[in-house]
Amino acid sequence: MAARFEAVIIEKDALRGALLRSQEIVNLLMNTGKNAAEFTDFATGSRSPAKERVISRFFVPGTTQVDKNFITMRSALSYSPNGSINRARLFVYIICNEDQMDLEQGSRADLLANEIDKILNRPDSIFGLGGVRLIGSEETQFNNNFYGLTLTYATNEHNRDAG
């Protein structure tokens, strides 16, 4: 029986939508400067300019990108022997331009990770059976001048409909 990839599509779409609706995440992605308290509020939701910086596939910016920060995603499914439940892992990459990393409030990547974690670990989970769990976090260099974090989340998803 083949794995069902609808769950991956739903997970990435739900996370992307939630990220774009978060004023804190949009502001951290779009604003430059060193003080988040002075950031301008950018539009959120489907019309947000941040929609080009929240990408539901794996992406690493080229070295010529300047003053841009990104959130990208990658997924993995593990097939269950009983065929009804799959373990899904979602990798969230926070990619910050080196010149934009340090804020007075701390690392831009750490602040973004905190906001992402709030979205994924809330009691009314946006996807998955039984909630979403953070299973790892690692500082990463993505390309020259781009640094950040790799966050690994796990959840369970139906592999097929009952019956």
# chains A, B, ... in the order shown; residues from 1 in each chain; ligands from 1

$ select_by_dssp --residues "stretch 33-149 of chain A" --states "alpha helix (DSSP H)" --output "VMD selection string"
chain A and resid 108 to 120

$ residues_around --residues "stretch 99-105 of chain A" --least-positions-apart "2" --cutoff "6 Å" --atoms "only C-alpha atoms" --output "list of chain:residue names"
A:Lys34, A:Asn35, A:Asn97, A:Ser107, A:Arg108

$ write_last_selection --atoms "N, CA, C and O atoms" --output "PDB file, in the first residue's frame"
ATOM      1  N   LYS A  34      17.721  46.558  13.999  1.00  0.00           N
ATOM      2  CA  LYS A  34      18.186  45.824  15.177  1.00  0.00           C
ATOM      3  C   LYS A  34      17.196  45.792  16.334  1.00  0.00           C
ATOM      4  O   LYS A  34      17.432  45.111  17.308  1.00  0.00           O
ATOM      5  N   ASN A  35      16.085  46.543  16.262  1.00  0.00           N
ATOM      6  CA  ASN A  35      15.164  46.625  17.378  1.00  0.00           C
ATOM      7  C   ASN A  35      13.757  46.223  16.940  1.00  0.00           C
ATOM      8  O   ASN A  35      13.069  46.989  16.260  1.00  0.00           O
ATOM      9  N   ASN A  97      19.508  36.100   6.922  1.00  0.00           N
ATOM     10  CA  ASN A  97      20.702  36.743   6.410  1.00  0.00           C
ATOM     11  C   ASN A  97      21.572  37.136   7.605  1.00  0.00           C
ATOM     12  O   ASN A  97      21.070  37.656   8.598  1.00  0.00           O
ATOM     13  N   SER A 107      18.492  36.703  19.041  1.00  0.00           N
ATOM     14  CA  SER A 107      18.682  36.219  17.673  1.00  0.00           C
ATOM     15  C   SER A 107      17.346  36.189  16.930  1.00  0.00           C
ATOM     16  O   SER A 107      16.353  35.670  17.440  1.00  0.00           O
ATOM     17  N   ARG A 108      17.323  36.732  15.716  1.00  0.00           N
ATOM     18  CA  ARG A 108      16.116  36.713  14.893  1.00  0.00           C
ATOM     19  C   ARG A 108      15.638  35.267  14.685  1.00  0.00           C
ATOM     20  O   ARG A 108      14.449  34.988  14.754  1.00  0.00           O
TER      21      ARG A 108
END

$ select_by_dssp --residues "chain A" --states "strand (DSSP E)" --output "PyMOL selection string"
chain A and resi 54-55+69-78+85-97+102-103+106-107+129-143+146-158

$ closest_residue --among "A:Leu111, A:Val60, A:Ala37, A:Ile25" --to "A:Asn145" --atoms "only C-alpha atoms"
A:Val60

$ residues_around --residues "A:Ile71" --least-positions-apart "6" --cutoff "10 Å" --atoms "only C-alpha atoms" --output "list of chain:residue names"
A:Arg16, A:Leu19, A:Ile25, A:Leu29, A:Ala50, A:Lys51, A:Glu52, A:Arg53, A:Val54, A:Ile55, A:Ser56, A:Arg57, A:Phe58, A:Phe59, A:Val60, A:Val92, A:Tyr93, A:Ile94, A:Ile95, A:Cys96, A:Ala109, A:Leu112, A:Ala113, A:Ile116, A:Gly148, A:Leu149, A:Thr150

$ write_last_selection --atoms "N, CA, C and O atoms" --output "CSV table (one decimal), in the first residue's frame"
chain,number,residue,atom,x,y,z
A,16,ARG,N,1.9,27.1,6.7
A,16,ARG,CA,2.2,28.3,5.9
A,16,ARG,C,1.1,29.3,6.2
A,16,ARG,O,1.4,30.5,6.4
A,19,LEU,N,1.6,30.8,9.7
A,19,LEU,CA,2.7,31.6,9.8
A,19,LEU,C,2.4,33.0,9.2
A,19,LEU,O,2.8,34.0,9.7
A,25,ILE,N,5.6,36.9,13.3
A,25,ILE,CA,6.4,36.2,12.3
A,25,ILE,C,6.6,37.1,11.0
A,25,ILE,O,7.7,37.2,10.5
A,29,LEU,N,10.2,38.5,9.6
A,29,LEU,CA,10.7,38.2,8.3
A,29,LEU,C,11.0,39.4,7.4
A,29,LEU,O,11.9,39.4,6.6
A,50,ALA,N,5.2,38.8,3.0
A,50,ALA,CA,6.0,37.7,3.5
A,50,ALA,C,5.7,36.4,2.8
A,50,ALA,O,6.4,35.4,3.0
A,51,LYS,N,4.6,36.3,2.0
A,51,LYS,CA,4.2,35.1,1.3
A,51,LYS,C,5.4,34.6,0.4
A,51,LYS,O,5.5,33.4,0.2
A,52,GLU,N,6.2,35.4,-0.1
A,52,GLU,CA,7.4,35.0,-0.9
A,52,GLU,C,8.5,34.5,0.0
A,52,GLU,O,9.5,34.0,-0.6
A,53,ARG,N,8.4,34.7,1.3
A,53,ARG,CA,9.5,34.3,2.2
A,53,ARG,C,9.1,33.1,3.1
A,53,ARG,O,9.9,32.6,3.9
A,54,VAL,N,7.9,32.7,3.0
A,54,VAL,CA,7.4,31.4,3.7
A,54,VAL,C,7.1,30.4,2.6
A,54,VAL,O,6.1,30.6,1.8
A,55,ILE,N,8.0,29.5,2.4
A,55,ILE,CA,8.0,28.6,1.3
A,55,ILE,C,7.7,27.2,1.7
A,55,ILE,O,8.4,26.7,2.6
A,56,SER,N,6.7,26.5,1.1
A,56,SER,CA,6.4,25.2,1.6
A,56,SER,C,7.1,24.1,0.9
A,56,SER,O,6.6,23.0,0.7
A,57,ARG,N,8.3,24.3,0.5
A,57,ARG,CA,9.3,23.3,0.0
A,57,ARG,C,10.7,23.7,0.5
A,57,ARG,O,10.9,24.8,1.0
A,58,PHE,N,11.6,22.8,0.3
A,58,PHE,CA,13.0,23.1,0.7
A,58,PHE,C,13.6,24.1,-0.2
A,58,PHE,O,13.5,24.0,-1.4
A,59,PHE,N,14.2,25.2,0.3
A,59,PHE,CA,14.7,26.2,-0.5
A,59,PHE,C,15.9,26.9,0.3
A,59,PHE,O,15.8,27.0,1.5
A,60,VAL,N,17.0,27.1,-0.3
A,60,VAL,CA,18.1,27.9,0.3
A,60,VAL,C,18.4,29.0,-0.6
A,60,VAL,O,18.6,28.9,-1.8
A,92,VAL,N,11.3,22.4,9.6
A,92,VAL,CA,11.1,23.8,9.4
A,92,VAL,C,12.4,24.5,9.5
A,92,VAL,O,13.1,24.3,10.5
A,93,TYR,N,12.8,25.2,8.4
A,93,TYR,CA,14.1,25.8,8.3
A,93,TYR,C,13.9,27.3,8.5
A,93,TYR,O,13.1,27.9,7.7
A,94,ILE,N,14.5,27.9,9.4
A,94,ILE,CA,14.5,29.3,9.6
A,94,ILE,C,15.9,29.8,9.1
A,94,ILE,O,16.9,29.5,9.6
A,95,ILE,N,15.8,30.6,8.0
A,95,ILE,CA,17.0,31.0,7.3
A,95,ILE,C,17.1,32.5,7.3
A,95,ILE,O,16.3,33.2,6.8
A,96,CYS,N,18.1,33.0,8.0
A,96,CYS,CA,18.3,34.5,8.2
A,96,CYS,C,19.6,35.0,7.6
A,96,CYS,O,20.6,34.3,7.7
A,109,ALA,N,16.6,34.4,14.5
A,109,ALA,CA,16.2,33.0,14.3
A,109,ALA,C,15.6,32.4,15.5
A,109,ALA,O,14.6,31.6,15.4
A,112,LEU,N,12.0,33.8,15.8
A,112,LEU,CA,11.2,33.1,14.9
A,112,LEU,C,10.8,31.7,15.3
A,112,LEU,O,9.7,31.3,15.3
A,113,ALA,N,11.8,31.0,15.8
A,113,ALA,CA,11.6,29.6,16.3
A,113,ALA,C,10.6,29.6,17.5
A,113,ALA,O,9.7,28.7,17.5
A,116,ILE,N,7.1,30.1,15.9
A,116,ILE,CA,6.7,28.9,15.2
A,116,ILE,C,6.3,27.8,16.2
A,116,ILE,O,5.2,27.2,16.0
A,148,GLY,N,20.8,30.0,10.7
A,148,GLY,CA,19.5,29.9,11.3
A,148,GLY,C,19.3,28.6,12.1
A,148,GLY,O,20.3,28.1,12.6
A,149,LEU,N,18.1,28.0,12.0
A,149,LEU,CA,17.8,26.8,12.8
A,149,LEU,C,17.0,25.8,11.9
A,149,LEU,O,16.3,26.2,11.0
A,150,THR,N,17.2,24.6,12.2
A,150,THR,CA,16.4,23.5,11.7
A,150,THR,C,15.6,23.0,12.8
A,150,THR,O,16.1,22.5,13.8

$ atom_distance --atom1 "atom CA of A:Arg87" --atom2 "atom CA of A:Glu6"
13.3 Å

$ residues_around --residues "A:Ile10" --least-positions-apart "4" --cutoff "12 Å" --atoms "only C-alpha atoms" --output "PyMOL selection string"
chain A and resi 4-6+14-17+56+75+88+90+126-128+157-158

$ residues_around --residues "A:Arg21" --least-positions-apart "6" --cutoff "10 Å" --atoms "only C-alpha atoms" --output "list in words"
Leu15, Ala43, Thr44, Gly45, Ser46, Arg47 and Ser48 of chain A

$ write_last_selection --atoms "all heavy atoms" --output "mmCIF file, in the first residue's frame"
data_model
loop_
_atom_site.group_PDB
_atom_site.id
_atom_site.type_symbol
_atom_site.label_atom_id
_atom_site.label_comp_id
_atom_site.auth_asym_id
_atom_site.auth_seq_id
_atom_site.Cartn_x
_atom_site.Cartn_y
_atom_site.Cartn_z
ATOM 1 N N LEU A 15 0.471 25.064 8.053
ATOM 2 C CA LEU A 15 1.550 25.798 8.712
ATOM 3 C C LEU A 15 1.846 27.103 7.982
ATOM 4 O O LEU A 15 1.975 28.154 8.611
ATOM 5 C CB LEU A 15 2.813 24.945 8.820
ATOM 6 C CG LEU A 15 4.001 25.641 9.483
ATOM 7 C CD1 LEU A 15 3.643 26.164 10.871
ATOM 8 C CD2 LEU A 15 5.193 24.704 9.543
ATOM 9 N N ALA A 43 1.435 43.769 6.327
ATOM 10 C CA ALA A 43 0.172 43.049 6.153
ATOM 11 C C ALA A 43 0.386 41.564 6.423
ATOM 12 O O ALA A 43 1.426 41.001 6.098
ATOM 13 C CB ALA A 43 -0.354 43.256 4.734
ATOM 14 N N THR A 44 -0.624 40.941 7.022
ATOM 15 C CA THR A 44 -0.586 39.503 7.283
ATOM 16 C C THR A 44 -1.575 38.800 6.351
ATOM 17 O O THR A 44 -2.325 39.438 5.629
ATOM 18 C CB THR A 44 -0.950 39.203 8.752
ATOM 19 O OG1 THR A 44 -2.266 39.697 9.005
ATOM 20 C CG2 THR A 44 0.045 39.831 9.710
ATOM 21 N N GLY A 45 -1.558 37.480 6.392
ATOM 22 C CA GLY A 45 -2.502 36.695 5.602
ATOM 23 C C GLY A 45 -2.050 36.501 4.169
ATOM 24 O O GLY A 45 -0.875 36.659 3.828
ATOM 25 N N SER A 46 -2.997 36.182 3.316
ATOM 26 C CA SER A 46 -2.678 35.819 1.932
ATOM 27 C C SER A 46 -2.133 36.981 1.113
ATOM 28 O O SER A 46 -1.518 36.767 0.074
ATOM 29 C CB SER A 46 -3.916 35.241 1.242
ATOM 30 O OG SER A 46 -4.946 36.204 1.192
ATOM 31 N N ARG A 47 -2.328 38.204 1.564
ATOM 32 C CA ARG A 47 -1.805 39.381 0.838
ATOM 33 C C ARG A 47 -0.497 39.906 1.429
ATOM 34 O O ARG A 47 -0.001 40.941 1.014
ATOM 35 C CB ARG A 47 -2.848 40.481 0.815
ATOM 36 C CG ARG A 47 -4.065 40.085 0.024
ATOM 37 C CD ARG A 47 -5.023 41.196 -0.109
ATOM 38 N NE ARG A 47 -6.174 40.726 -0.864
ATOM 39 C CZ ARG A 47 -7.110 41.497 -1.312
ATOM 40 N NH1 ARG A 47 -7.068 42.790 -1.069
ATOM 41 N NH2 ARG A 47 -8.113 41.004 -1.995
ATOM 42 N N SER A 48 0.040 39.195 2.371
ATOM 43 C CA SER A 48 1.273 39.628 3.022
ATOM 44 C C SER A 48 2.449 39.550 2.063
ATOM 45 O O SER A 48 2.583 38.582 1.306
ATOM 46 C CB SER A 48 1.565 38.737 4.236
ATOM 47 O OG SER A 48 2.824 39.070 4.782
#

$ closest_residue --among "A:Thr140, A:Ser125, A:Asn156, A:Thr72" --to "A:Phe91" --atoms "only C-alpha atoms"
A:Thr72

$ residues_around --residues "A:Phe39" --least-positions-apart "3" --cutoff "10 Å" --atoms "only C-alpha atoms" --output "PDB file with N, CA, C and O atoms, in the first residue's frame"
ATOM      1  N   GLU A  24       3.782  38.720  14.412  1.00  0.00           N
ATOM      2  CA  GLU A  24       5.157  38.648  14.901  1.00  0.00           C
ATOM      3  C   GLU A  24       6.074  38.005  13.857  1.00  0.00           C
ATOM      4  O   GLU A  24       7.181  38.494  13.605  1.00  0.00           O
ATOM      5  N   ASN A  27       6.490  40.306  10.772  1.00  0.00           N
ATOM      6  CA  ASN A  27       7.380  41.425  11.095  1.00  0.00           C
ATOM      7  C   ASN A  27       8.837  40.980  11.179  1.00  0.00           C
ATOM      8  O   ASN A  27       9.736  41.674  10.685  1.00  0.00           O
ATOM      9  N   LEU A  28       9.098  39.821  11.790  1.00  0.00           N
ATOM     10  CA  LEU A  28      10.473  39.332  11.893  1.00  0.00           C
ATOM     11  C   LEU A  28      11.051  38.966  10.531  1.00  0.00           C
ATOM     12  O   LEU A  28      12.250  39.120  10.298  1.00  0.00           O
ATOM     13  N   MET A  30      10.131  40.414   7.571  1.00  0.00           N
ATOM     14  CA  MET A  30      10.147  41.530   6.624  1.00  0.00           C
ATOM     15  C   MET A  30      10.968  42.743   7.070  1.00  0.00           C
ATOM     16  O   MET A  30      11.517  43.441   6.232  1.00  0.00           O
ATOM     17  N   ASN A  31      11.017  43.018   8.343  1.00  0.00           N
ATOM     18  CA  ASN A  31      11.691  44.224   8.814  1.00  0.00           C
ATOM     19  C   ASN A  31      13.196  44.021   8.892  1.00  0.00           C
ATOM     20  O   ASN A  31      13.682  42.941   9.199  1.00  0.00           O
ATOM     21  N   THR A  32      13.923  45.089   8.619  1.00  0.00           N
ATOM     22  CA  THR A  32      15.364  45.111   8.846  1.00  0.00           C
ATOM     23  C   THR A  32      15.602  45.993  10.069  1.00  0.00           C
ATOM     24  O   THR A  32      14.690  46.636  10.562  1.00  0.00           O
ATOM     25  N   GLY A  33      16.802  46.031  10.533  1.00  0.00           N
ATOM     26  CA  GLY A  33      17.099  46.829  11.716  1.00  0.00           C
ATOM     27  C   GLY A  33      17.376  45.943  12.903  1.00  0.00           C
ATOM     28  O   GLY A  33      17.247  44.723  12.837  1.00  0.00           O
ATOM     29  N   LYS A  34      17.721  46.558  13.999  1.00  0.00           N
ATOM     30  CA  LYS A  34      18.186  45.824  15.177  1.00  0.00           C
ATOM     31  C   LYS A  34      17.196  45.792  16.334  1.00  0.00           C
ATOM     32  O   LYS A  34      17.432  45.111  17.308  1.00  0.00           O
ATOM     33  N   ASN A  35      16.085  46.543  16.262  1.00  0.00           N
ATOM     34  CA  ASN A  35      15.164  46.625  17.378  1.00  0.00           C
ATOM     35  C   ASN A  35      13.757  46.223  16.940  1.00  0.00           C
ATOM     36  O   ASN A  35      13.069  46.989  16.260  1.00  0.00           O
ATOM     37  N   ALA A  36      13.319  45.035  17.353  1.00  0.00           N
ATOM     38  CA  ALA A  36      11.997  44.534  16.972  1.00  0.00           C
ATOM     39  C   ALA A  36      10.880  45.419  17.519  1.00  0.00           C
ATOM     40  O   ALA A  36       9.793  45.456  16.949  1.00  0.00           O
ATOM     41  N   PHE A  42       3.690  44.825   8.910  1.00  0.00           N
ATOM     42  CA  PHE A  42       3.395  44.492   7.519  1.00  0.00           C
ATOM     43  C   PHE A  42       2.063  43.755   7.474  1.00  0.00           C
ATOM     44  O   PHE A  42       1.635  43.169   8.465  1.00  0.00           O
TER      45      PHE A  42
END

$ closest_residue --among "A:Lys12, A:Asp41, A:Asp117, A:Asn144" --to "A:Ala76" --atoms "only C-alpha atoms"
A:Lys12
